[in-house]
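For reference, start15.pdb (PDB, C-alpha atoms):
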ATOM      1  CA  MET U   1     -26.306  -5.789  20.494
ATOM      2  CA  ASP U   2     -26.245  -1.994  20.503
ATOM      3  CA  THR U   3     -22.640  -2.039  21.691
ATOM      4  CA  LEU U   4     -21.736  -4.538  18.968
ATOM      5  CA  HIS U   5     -23.313  -2.327  16.312
ATOM      6  CA  ARG U   6     -21.336   0.658  17.598
ATOM      7  CA  VAL U   7     -18.092  -1.316  17.464
ATOM      8  CA  LEU U   8     -18.814  -2.523  13.924
ATOM      9  CA  ASP U   9     -19.744   0.988  12.807
ATOM     10  CA  PHE U  10     -16.525   2.341  14.305
ATOM     11  CA  CYS U  11     -14.475  -0.336  12.512
ATOM     12  CA  ILE U  12     -16.179   0.401   9.188
ATOM     13  CA  ARG U  13     -15.695   4.162   9.479
ATOM     14  CA  HIS U  14     -12.041   3.813  10.461
ATOM     15  CA  GLN U  15     -11.129   0.725   8.454
ATOM     16  CA  THR U  16      -8.143   2.391   6.768
ATOM     17  CA  VAL U  17      -6.588   3.512  10.059
ATOM     18  CA  LEU U  18      -7.316   0.114  11.617
ATOM     19  CA  SER U  19      -5.811  -1.753   8.665
ATOM     20  CA  TYR U  20      -2.635   0.351   8.866
ATOM     21  CA  SER U  21      -2.520  -0.230  12.630
ATOM     22  CA  ILE U  22      -2.867  -3.997  12.191
ATOM     23  CA  VAL U  23      -0.109  -4.028   9.569
ATOM     24  CA  SER U  24       2.135  -1.995  11.866
ATOM     25  CA  LEU U  25       1.482  -4.255  14.871
ATOM     26  CA  MET U  26       2.131  -7.399  12.817
ATOM     27  CA  THR U  27       5.361  -5.894  11.488
ATOM     28  CA  ALA U  28       6.485  -4.980  15.010
ATOM     29  CA  ALA U  29       5.693  -8.526  16.182
ATOM     30  CA  ILE U  30       7.694 -10.052  13.312
ATOM     31  CA  GLU U  31      10.613  -7.726  14.108
ATOM     32  CA  TYR U  32      10.512  -8.826  17.751
ATOM     33  CA  ILE U  33      10.594 -12.508  16.724
ATOM     34  CA  PHE U  34      13.538 -11.874  14.397
ATOM     35  CA  LEU U  35      15.370 -10.037  17.151
ATOM     36  CA  ALA U  36      14.733 -12.682  19.810
ATOM     37  CA  VAL U  37      15.146 -15.853  17.748
ATOM     38  CA  VAL U  38      17.188 -15.197  14.604
ATOM     39  CA  PHE U  39      19.450 -12.181  15.135
ATOM     40  CA  LYS U  40      22.909 -12.872  16.583
ATOM     41  CA  CYS U  41      25.456 -10.140  15.888
ATOM     42  CA  PRO U  42      28.842 -11.742  15.090
ATOM     43  CA  CYS U  43      30.784  -9.008  16.936
ATOM     44  CA  ASN U  44      33.641  -8.984  14.426
ATOM     45  CA  SER U  45      34.517  -7.294  11.143
ATOM     46  CA  GLY U  46      31.254  -8.584   9.614
ATOM     47  CA  ASN U  47      29.070  -6.451  11.879
ATOM     48  CA  MET U  48      28.367  -3.827   9.222
ATOM     49  CA  LEU U  49      27.106  -6.315   6.631
ATOM     50  CA  TYR U  50      25.175  -8.454   9.119
ATOM     51  CA  GLY U  51      23.422  -5.523  10.792
ATOM     52  CA  SER U  52      22.626  -3.832   7.465
ATOM     53  CA  VAL U  53      21.007  -6.984   6.093
ATOM     54  CA  PHE U  54      18.713  -7.365   9.106
ATOM     55  CA  LEU U  55      17.805  -3.682   9.103
ATOM     56  CA  ILE U  56      17.253  -3.113   5.384
ATOM     57  CA  VAL U  57      16.468  -6.415   3.615
ATOM     58  CA  PRO U  58      13.282  -7.281   5.592
ATOM     59  CA  ALA U  59      12.030  -3.729   5.008
ATOM     60  CA  PHE U  60      12.630  -4.114   1.261
ATOM     61  CA  ILE U  61      10.818  -7.487   1.221
ATOM     62  CA  LEU U  62       7.856  -5.942   3.040
ATOM     63  CA  PHE U  63       7.870  -3.116   0.489
ATOM     64  CA  LEU U  64       7.657  -5.594  -2.400
ATOM     65  CA  LEU U  65       4.895  -7.511  -0.611
ATOM     66  CA  GLY U  66       3.016  -4.233  -0.252
ATOM     67  CA  TYR U  67       2.987  -3.905  -4.044
ATOM     68  CA  MET U  68       2.039  -7.539  -4.566
ATOM     69  CA  MET U  69      -0.857  -7.420  -2.089
ATOM     70  CA  ASN U  70      -2.406  -4.221  -3.473
ATOM     71  CA  PRO U  71      -5.214  -5.017  -5.967
ATOM     72  CA  ARG U  72      -5.020  -1.534  -7.538
ATOM     73  CA  MET U  73      -1.533  -2.391  -8.783
ATOM     74  CA  TRP U  74      -2.896  -5.352 -10.744
ATOM     75  CA  HIS U  75      -5.951  -3.353 -11.835
ATOM     76  CA  LEU U  76      -3.578  -0.852 -13.401
ATOM     77  CA  LEU U  77      -1.258  -3.418 -15.029
ATOM     78  CA  THR U  78      -3.750  -6.019 -16.263
ATOM     79  CA  GLY U  79      -3.901  -5.965 -20.056
ATOM     80  CA  ILE U  80      -1.633  -2.932 -20.371
ATOM     81  CA  CYS U  81       0.718  -4.703 -22.810
ATOM     82  CA  THR U  82      -1.759  -6.633 -24.961
ATOM     83  CA  PRO U  83      -1.248  -6.510 -28.762
ATOM     84  CA  GLU U  84      -4.106  -4.003 -29.027
ATOM     85  CA  LYS U  85      -2.374  -1.769 -26.470
ATOM     86  CA  SER U  86       1.285  -1.537 -27.341
ATOM     87  CA  CYS U  87       3.763  -1.091 -24.496
ATOM     88  CA  SER U  88       5.147   1.962 -26.261
ATOM     89  CA  CYS U  89       4.989   5.368 -24.639
ATOM     90  CA  ARG U  90       1.520   6.715 -24.156
ATOM     91  CA  PRO U  91       0.212  10.290 -24.100
ATOM     92  CA  TRP U  92       1.614  12.406 -21.314
ATOM     93  CA  GLY U  93      -1.740  12.627 -19.503
ATOM     94  CA  THR U  94      -2.069   8.864 -19.281
ATOM     95  CA  CYS U  95       1.541   8.459 -18.145
ATOM     96  CA  ALA U  96       0.992  11.117 -15.490
ATOM     97  CA  GLY U  97      -2.148   9.293 -14.378
ATOM     98  CA  CYS U  98      -0.285   5.995 -14.115
ATOM     99  CA  PHE U  99       2.375   7.734 -12.068
ATOM    100  CA  CYS U 100      -0.266   9.077  -9.665
ATOM    101  CA  VAL U 101      -1.720   5.591  -9.194
ATOM    102  CA  LEU U 102       1.744   4.162  -8.555
ATOM    103  CA  LEU U 103       2.353   6.960  -6.060
ATOM    104  CA  GLN U 104      -0.801   6.028  -4.156
ATOM    105  CA  VAL U 105       0.082   2.327  -4.235
ATOM    106  CA  THR U 106       3.585   3.160  -3.014
ATOM    107  CA  ALA U 107       2.166   5.215  -0.135
ATOM    108  CA  ARG U 108       0.318   2.105   1.061
ATOM    109  CA  ALA U 109       3.259  -0.208   0.392
ATOM    110  CA  VAL U 110       5.696   1.767   2.561
ATOM    111  CA  VAL U 111       3.637   1.419   5.762
ATOM    112  CA  ALA U 112       5.100  -1.966   6.746
ATOM    113  CA  PRO U 113       8.751  -1.256   5.805
ATOM    114  CA  LEU U 114       8.747   2.118   7.563
ATOM    115  CA  THR U 115       7.250   0.455  10.634
ATOM    116  CA  TRP U 116      10.027  -2.138  10.511
ATOM    117  CA  LEU U 117      12.713   0.555  10.293
ATOM    118  CA  ALA U 118      11.178   2.699  13.047
ATOM    119  CA  VAL U 119      10.725  -0.189  15.501
ATOM    120  CA  ALA U 120      14.153  -1.633  14.698
ATOM    121  CA  LEU U 121      15.818   1.739  15.262
ATOM    122  CA  LEU U 122      14.008   2.300  18.558
ATOM    123  CA  ARG U 123      15.099  -1.121  19.814
ATOM    124  CA  ALA U 124      18.596  -0.277  18.518
ATOM    125  CA  ARG U 125      20.000  -3.816  18.248
ATOM    126  CA  PHE U 126      20.278  -3.903  14.440
ATOM    127  CA  TYR U 127      21.724  -0.393  14.217
ATOM    128  CA  GLU U 128      24.148  -1.072  17.082
ATOM    129  CA  CYS U 129      25.509  -4.110  15.254
ATOM    130  CA  MET U 130      25.688  -2.284  11.920
ATOM    131  CA  ALA U 131      27.246   0.925  13.276
ATOM    132  CA  SER U 132      29.850  -0.884  15.361
ATOM    133  CA  GLY U 133      31.363  -2.191  12.130
ATOM    134  CA  SER U 134      31.144   1.106  10.258
ATOM    135  CA  SER U 135      34.420   2.820   9.410
ATOM    136  CA  LEU U 136      32.724   6.232   9.789
ATOM    137  CA  ILE U 137      31.620   5.462  13.351
ATOM    138  CA  LYS U 138      35.070   4.074  14.140
ATOM    139  CA  ASN U 139      36.715   7.288  12.985
ATOM    140  CA  LEU U 140      34.332   9.390  15.090
ATOM    141  CA  MET U 141      34.337   7.379  18.291
ATOM    142  CA  CYS U 142      37.892   6.044  18.223
ATOM    143  CA  LYS U 143      39.735   9.120  17.047
ATOM    144  CA  ASP U 144      43.249   9.174  18.557
ATOM    145  CA  LYS U 145      42.449   6.117  20.694
ATOM    146  CA  GLY U 146      44.380   3.461  18.800
ATOM    147  CA  SER U 147      43.498   0.034  17.461
ATOM    148  CA  GLU U 148      42.345  -1.227  20.856
ATOM    149  CA  CYS U 149      39.311   1.052  20.613
ATOM    150  CA  HIS U 150      38.460  -0.410  17.191
ATOM    151  CA  GLU U 151      38.559  -3.921  18.599
ATOM    152  CA  MET U 152      36.366  -2.945  21.528
ATOM    153  CA  LEU U 153      33.873  -1.142  19.294
ATOM    154  CA  VAL U 154      32.948  -4.225  17.235
ATOM    155  CA  LYS U 155      32.334  -6.144  20.474
ATOM    156  CA  ILE U 156      29.879  -3.599  21.912
ATOM    157  CA  PRO U 157      26.757  -5.518  20.653
ATOM    158  CA  CYS U 158      27.931  -8.521  22.701
ATOM    159  CA  ASP U 159      28.992  -6.587  25.800
ATOM    160  CA  GLU U 160      27.066  -3.440  26.760
ATOM    161  CA  LYS U 161      29.640  -2.444  29.385
ATOM    162  CA  LEU U 162      32.169  -1.710  26.638
ATOM    163  CA  SER U 163      29.949   1.099  25.382
ATOM    164  CA  GLU U 164      30.576   3.101  28.565
ATOM    165  CA  LYS U 165      34.329   2.960  28.036
ATOM    166  CA  ILE U 166      34.235   4.184  24.436
ATOM    167  CA  SER U 167      31.304   6.564  24.049
ATOM    168  CA  SER U 168      31.960   8.958  26.936
ATOM    169  CA  GLU U 169      32.327  11.926  24.540
ATOM    170  CA  PHE U 170      29.679  10.812  22.034
ATOM    171  CA  LEU U 171      26.159   9.465  22.111
ATOM    172  CA  SER U 172      26.106   5.716  22.555
ATOM    173  CA  LEU U 173      25.154   3.600  19.556
ATOM    174  CA  GLN U 174      21.801   2.803  21.151
ATOM    175  CA  ALA U 175      21.099   6.495  21.737
ATOM    176  CA  GLN U 176      22.028   7.309  18.138
ATOM    177  CA  SER U 177      19.673   4.596  16.871
ATOM    178  CA  GLN U 178      16.773   5.767  19.008
ATOM    179  CA  LEU U 179      17.226   9.388  17.967
ATOM    180  CA  ILE U 180      17.221   8.389  14.298
ATOM    181  CA  GLY U 181      14.094   6.297  14.951
ATOM    182  CA  TRP U 182      12.213   9.234  16.502
ATOM    183  CA  PHE U 183      13.301  11.556  13.677
ATOM    184  CA  LEU U 184      12.012   8.969  11.182
ATOM    185  CA  ILE U 185       8.644   8.692  12.959
ATOM    186  CA  THR U 186       8.322  12.481  13.086
ATOM    187  CA  ALA U 187       9.132  12.777   9.369
ATOM    188  CA  ILE U 188       6.583  10.055   8.510
ATOM    189  CA  MET U 189       3.778  11.691  10.487
ATOM    190  CA  ALA U 190       4.546  15.158   9.104
ATOM    191  CA  SER U 191       4.637  13.835   5.517
ATOM    192  CA  ALA U 192       1.354  11.946   6.005
ATOM    193  CA  LEU U 193      -0.355  15.053   7.388
ATOM    194  CA  ILE U 194       0.923  17.272   4.558
ATOM    195  CA  ALA U 195      -0.101  14.723   1.908
ATOM    196  CA  LYS U 196      -3.606  14.407   3.364
ATOM    197  CA  CYS U 197      -4.018  18.180   3.530
ATOM    198  CA  ILE U 198      -2.973  18.530  -0.111
ATOM    199  CA  ARG U 199      -5.386  15.787  -1.204
ATOM    200  CA  ARG U 200      -8.233  17.440   0.665
ATOM    201  CA  CYS U 201      -7.448  20.865  -0.771
ATOM    202  CA  CYS U 202      -7.254  19.510  -4.334
ATOM    203  CA  SER U 203     -10.371  17.348  -4.061
ATOM    204  CA  PRO U 204     -13.011  18.081  -6.756
ATOM    205  CA  PHE U 205     -15.687  17.062  -4.228
ATOM    206  CA  SER U 206     -17.426  18.801  -1.393
ATOM    207  CA  TYR U 207     -17.176  17.041   1.969
ATOM    208  CA  LEU U 208     -20.668  15.481   1.851
ATOM    209  CA  GLN U 209     -20.387  14.482  -1.814
ATOM    210  CA  LEU U 210     -17.127  12.749  -1.012
ATOM    211  CA  LYS U 211     -18.885  10.738   1.712
ATOM    212  CA  PHE U 212     -21.634   9.838  -0.771
ATOM    213  CA  TRP U 213     -19.092   8.683  -3.378
ATOM    214  CA  LYS U 214     -17.397   6.448  -0.824
ATOM    215  CA  ALA U 215     -20.749   4.909   0.148
ATOM    216  CA  TYR U 216     -21.772   4.438  -3.489
ATOM    217  CA  SER U 217     -18.471   2.898  -4.547
ATOM    218  CA  LYS U 218     -18.458   0.441  -1.657
ATOM    219  CA  LYS U 219     -22.041  -0.660  -2.310
ATOM    220  CA  GLU U 220     -21.480  -0.958  -6.058
ATOM    221  CA  CYS U 221     -18.458  -3.212  -5.489
ATOM    222  CA  GLU U 222     -20.421  -5.437  -3.109
ATOM    223  CA  LEU U 223     -23.394  -5.780  -5.481
ATOM    224  CA  PHE U 224     -21.141  -6.289  -8.517
ATOM    225  CA  GLU U 225     -19.237  -9.127  -6.850
ATOM    226  CA  ALA U 226     -22.455 -10.798  -5.697
ATOM    227  CA  LYS U 227     -24.063 -10.484  -9.139
ATOM    228  CA  ALA U 228     -20.899 -11.678 -10.888
ATOM    229  CA  LYS U 229     -20.799 -14.810  -8.719
ATOM    230  CA  GLU U 230     -24.488 -15.461  -9.358
ATOM    231  CA  HIS U 231     -24.073 -14.949 -13.130
ATOM    232  CA  ALA U 232     -20.971 -17.154 -13.250
ATOM    233  CA  SER U 233     -22.776 -19.846 -11.280
ATOM    234  CA  LYS U 234     -25.712 -19.895 -13.700
ATOM    235  CA  LEU U 235     -23.431 -19.956 -16.759
ATOM    236  CA  SER U 236     -21.254 -22.743 -15.378
ATOM    237  CA  GLU U 237     -24.357 -24.736 -14.359
ATOM    238  CA  ARG U 238     -25.781 -24.408 -17.876
ATOM    239  CA  ASN U 239     -22.509 -25.539 -19.482
ATOM    240  CA  VAL U 240     -22.079 -28.506 -17.146
ATOM    241  CA  ASN U 241     -25.665 -29.630 -17.665
ATOM    242  CA  CYS U 242     -25.316 -29.377 -21.449
ATOM    243  CA  PHE U 243     -22.111 -31.426 -21.318
ATOM    244  CA  PHE U 244     -23.499 -34.283 -19.267
ATOM    245  CA  GLU U 245     -26.961 -34.261 -20.866
ATOM    246  CA  ALA U 246     -25.609 -33.854 -24.431
ATOM    247  CA  THR U 247     -28.027 -31.005 -25.195
ATOM    248  CA  ASN U 248     -27.635 -27.726 -27.050
ATOM    249  CA  PRO U 249     -27.051 -24.697 -24.814
ATOM    250  CA  ALA U 250     -29.877 -22.229 -24.306
ATOM    251  CA  PRO U 251     -29.124 -18.564 -25.113
ATOM    252  CA  PHE U 252     -27.347 -16.836 -22.265
ATOM    253  CA  GLN U 253     -26.600 -13.124 -22.168
ATOM    254  CA  THR U 254     -23.160 -12.184 -20.902
ATOM    255  CA  PRO U 255     -21.122  -8.971 -21.327
ATOM    256  CA  SER U 256     -18.823  -8.797 -24.333
ATOM    257  CA  ASN U 257     -15.067  -8.262 -24.152
ATOM    258  CA  GLU U 258     -15.608  -4.642 -25.146
ATOM    259  CA  ASP U 259     -18.173  -4.195 -22.366
ATOM    260  CA  TRP U 260     -15.720  -5.563 -19.807
ATOM    261  CA  ARG U 261     -12.981  -3.325 -21.144
ATOM    262  CA  LYS U 262     -15.099  -0.185 -20.900
ATOM    263  CA  ILE U 263     -15.998  -0.693 -17.243
ATOM    264  CA  SER U 264     -12.486  -1.816 -16.219
ATOM    265  CA  PHE U 265     -10.761   1.553 -16.490
ATOM    266  CA  LEU U 266      -9.858   3.296 -13.252
ATOM    267  CA  TYR U 267     -12.395   6.096 -13.203
ATOM    268  CA  THR U 268     -11.584   9.815 -13.077
ATOM    269  CA  PHE U 269     -14.249  12.118 -11.705
ATOM    270  CA  ASN U 270     -15.487  14.693 -14.206
ATOM    271  CA  SER U 271     -17.368  17.641 -12.703
ATOM    272  CA  GLN U 272     -19.260  18.124 -16.009
ATOM    273  CA  GLU U 273     -20.632  14.557 -15.940
ATOM    274  CA  GLN U 274     -21.891  13.467 -12.551
ATOM    275  CA  HIS U 275     -20.920   9.797 -12.731
ATOM    276  CA  TYR U 276     -19.449   7.948  -9.777
ATOM    277  CA  SER U 277     -17.774   5.015 -11.562
ATOM    278  CA  MET U 278     -17.076   3.636 -15.018
ATOM    279  CA  LEU U 279     -20.049   1.303 -14.585
ATOM    280  CA  HIS U 280     -22.268   4.282 -13.771
ATOM    281  CA  LYS U 281     -20.973   6.145 -16.836
ATOM    282  CA  TYR U 282     -21.414   3.075 -19.026
ATOM    283  CA  ILE U 283     -25.025   2.519 -17.954
ATOM    284  CA  ASN U 284     -26.009   6.184 -18.245
ATOM    285  CA  THR U 285     -24.722   6.464 -21.819
ATOM    286  CA  ASN U 286     -26.927   3.899 -23.543
ATOM    287  CA  ARG U 287     -24.976   0.926 -22.183
ATOM    288  CA  GLY U 288     -21.747   2.291 -23.587
ATOM    289  CA  SER U 289     -22.839   2.370 -27.231
ATOM    290  CA  ASN U 290     -22.316   6.125 -27.449
ATOM    291  CA  VAL U 291     -19.227   6.244 -25.266
ATOM    292  CA  ARG U 292     -15.894   7.059 -26.774
ATOM    293  CA  LEU U 293     -13.319   6.794 -24.062
ATOM    294  CA  GLY U 294     -11.059   9.774 -24.415
ATOM    295  CA  LYS U 295      -7.791  10.469 -22.680
ATOM    296  CA  GLU U 296      -9.572  11.898 -19.669
ATOM    297  CA  ASP U 297     -11.573   8.664 -19.268
ATOM    298  CA  GLN U 298      -8.685   6.298 -19.870
ATOM    299  CA  ASN U 299      -6.434   8.202 -17.512
ATOM    300  CA  PRO U 300      -6.208   5.885 -14.511
ATOM    301  CA  THR U 301      -6.533   8.828 -12.168
ATOM    302  CA  GLY U 302      -7.151  12.515 -12.205
ATOM    303  CA  LEU U 303      -5.427  14.339  -9.358
ATOM    304  CA  GLY U 304      -5.324  10.918  -7.751
ATOM    305  CA  PHE U 305      -9.051  10.724  -7.056
ATOM    306  CA  VAL U 306      -9.952   7.280  -8.371
ATOM    307  CA  ASN U 307     -13.191   5.670  -7.272
ATOM    308  CA  GLU U 308     -11.296   2.661  -5.938
ATOM    309  CA  THR U 309      -9.233   4.924  -3.723
ATOM    310  CA  ILE U 310     -12.299   6.722  -2.406
ATOM    311  CA  ALA U 311     -14.104   3.467  -1.721
ATOM    312  CA  SER U 312     -11.224   1.864   0.115
ATOM    313  CA  GLN U 313      -9.992   4.841   2.134
ATOM    314  CA  SER U 314     -12.632   5.803   4.656
ATOM    315  CA  GLY U 315     -10.127   8.102   6.325
ATOM    316  CA  PHE U 316      -9.620  10.154   3.186
TER
END
Mind turning this structure into structure tokens?
Amino acid sequence: MDTLHRVLDFCIRHQTVLSYSIVSLMTAAIEYIFLAVVFKCPCNSGNMLYGSVFLIVPAFILFLLGYMMNPRMWHLLTGICTPEKSCSCRPWGTCAGCFCVLLQVTARAVVAPLTWLAVALLRARFYECMASGSSLIKNLMCKDKGSECHEMLVKIPCDEKLSEKISSEFLSLQAQSQLIGWFLITAIMASALIAKCIRRCCSPFSYLQLKFWKAYSKKECELFEAKAKEHASKLSERNVNCFFEATNPAPFQTPSNEDWRKISFLYTFNSQEQHYSMLHKYINTNRGSNVRLGKEDQNPTGLGFVNETIASQSGF
């Protein structure tokens, strides 16, 4: 049991890294299946198009899925174009905040597509097919070698021995692909490290307060979901009973639309008011009766430090 608790604690503390690792492994597995079962380079003039589609299109689909699967994207967009909130341009601060949220969502969404590109480039089959049909590669590798070289180049994906005859003075197509793949991985890791350093340096929290906010946000979300389910269950039970028993409904307290709206903003930490979420702010200000949500409150993020982000990113 002690070992199990240690494993669970490790998973909880590193859930962001583990989730990224799982996504990357699943993406690599899907790429392997595509390569083994679906991909068959035509080895003719259509190599460029065929290879490009298999290299780029799945990555783009994974990128779109990353947006669709991220709840913060829908938290940001829900109700943004209601009649009360026109879709017209908003104050610069709010637009900048929306951009920061989209930037964070994008950072999560690119994990799978970048994994696809990196793994595909290291395995080299997609790039080899694509590059063998590229006019640029033909001009480089078949310079002053005649049309026979061009014909041999497009057949390289189907016959590896042809590569030795053509690429004696240049890197082979597989070597080119693998080099690009390692450069891509290096760029990704360097960018991730720089971004994390900047976020840490710009954080309005101390290290221990940041850990407390993460713990608070996670617990608040768990309790809110449990209480919401319990409240919804009681309300639905009352309504069903009144329908079948033909009785008048008993009074039942439920938050108003305005109450829901006030706690639904993505919260920005304010060092002058020590609140850890919009719900915390709402409760501490006379249940929201004295709250006037200004631009700084309605801004979906301030320097990108939204309570949802803190709660969900244990590796922050």
_Calculated over only C-alpha atoms, which of the candidates U:Ile188, U:Val37, U:Cys197, U:Val57 has the smallest distance to U:Val110?_
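Result for the nearest residue to U:Val110: U:Ile188.
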Residues of stretch 100-176 of chain U that approach stretch 181-184 of chain U to 10 Å or less, counting only C-alpha atoms: could you list each one with the shortest pair of atoms and its distance in Å to one decimal, rows by chain and increasing residue number, as a Markdown table?
| residue | atom | partner | partner_atom | distance |
| --- | --- | --- | --- | --- |
| U:Leu114 | CA | U:Leu184 | CA | 8.4 |
| U:Thr115 | CA | U:Leu184 | CA | 9.8 |
| U:Leu117 | CA | U:Gly181 | CA | 7.5 |
| U:Ala118 | CA | U:Gly181 | CA | 5.0 |
| U:Val119 | CA | U:Gly181 | CA | 7.3 |
| U:Ala120 | CA | U:Gly181 | CA | 7.9 |
| U:Leu121 | CA | U:Gly181 | CA | 4.9 |
| U:Leu122 | CA | U:Gly181 | CA | 5.4 |
| U:Arg123 | CA | U:Gly181 | CA | 8.9 |
| U:Ala124 | CA | U:Gly181 | CA | 8.7 |
| U:Ala175 | CA | U:Gly181 | CA | 9.8 |
| U:Gln176 | CA | U:Gly181 | CA | 8.6 |
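Note that the spacing between atom CA of U:Asn139 and atom CA of U:Thr186 amounts to 28.9 Å.
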_Could you tell me how far atom CA of U:Ser45 sits from atom CA of U:Gly133, in Å to one decimal place?_
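Distance reported for this atom pair: 6.1 Å.
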*Which of U:Asn248, U:Ser233, U:Ser172, U:Thr106 sits closest to U:Met68 [using all atoms listed in the file]*: U:Thr106
*Residues picked by the PyMOL selection byres ((chain U and resi 137) around 12) here, as an MDAnalysis selection string?*
chainID U and resid 48 127:136 138:143 149:150 153:154 166:167 170:173 176
*May I ask which of the residues U:Pro204, U:Pro255, U:Pro42, U:Pro113 is the closest one to U:Ile156, counting all atoms listed in the file?*
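So, comparing all the options, the nearest one is U:Pro42.
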_So that I can see what lies close to U:Met26, please list as an NGL selection string the residues with an atom at most 12 Å from it, counting all atoms listed in the file and leaving out residues fewer than 4 positions away in the same chain._
:U and (19-22 or 30-33 or 62 or 111-113 or 115-116 or 119)
*asked:* So the first atom is atom CA of U:His275 and the second is atom CA of U:Gln104; what is the distance between them in Å, to one decimal place?
replied: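 Atom CA of U:Gln104 lies 22.2 Å from atom CA of U:His275.
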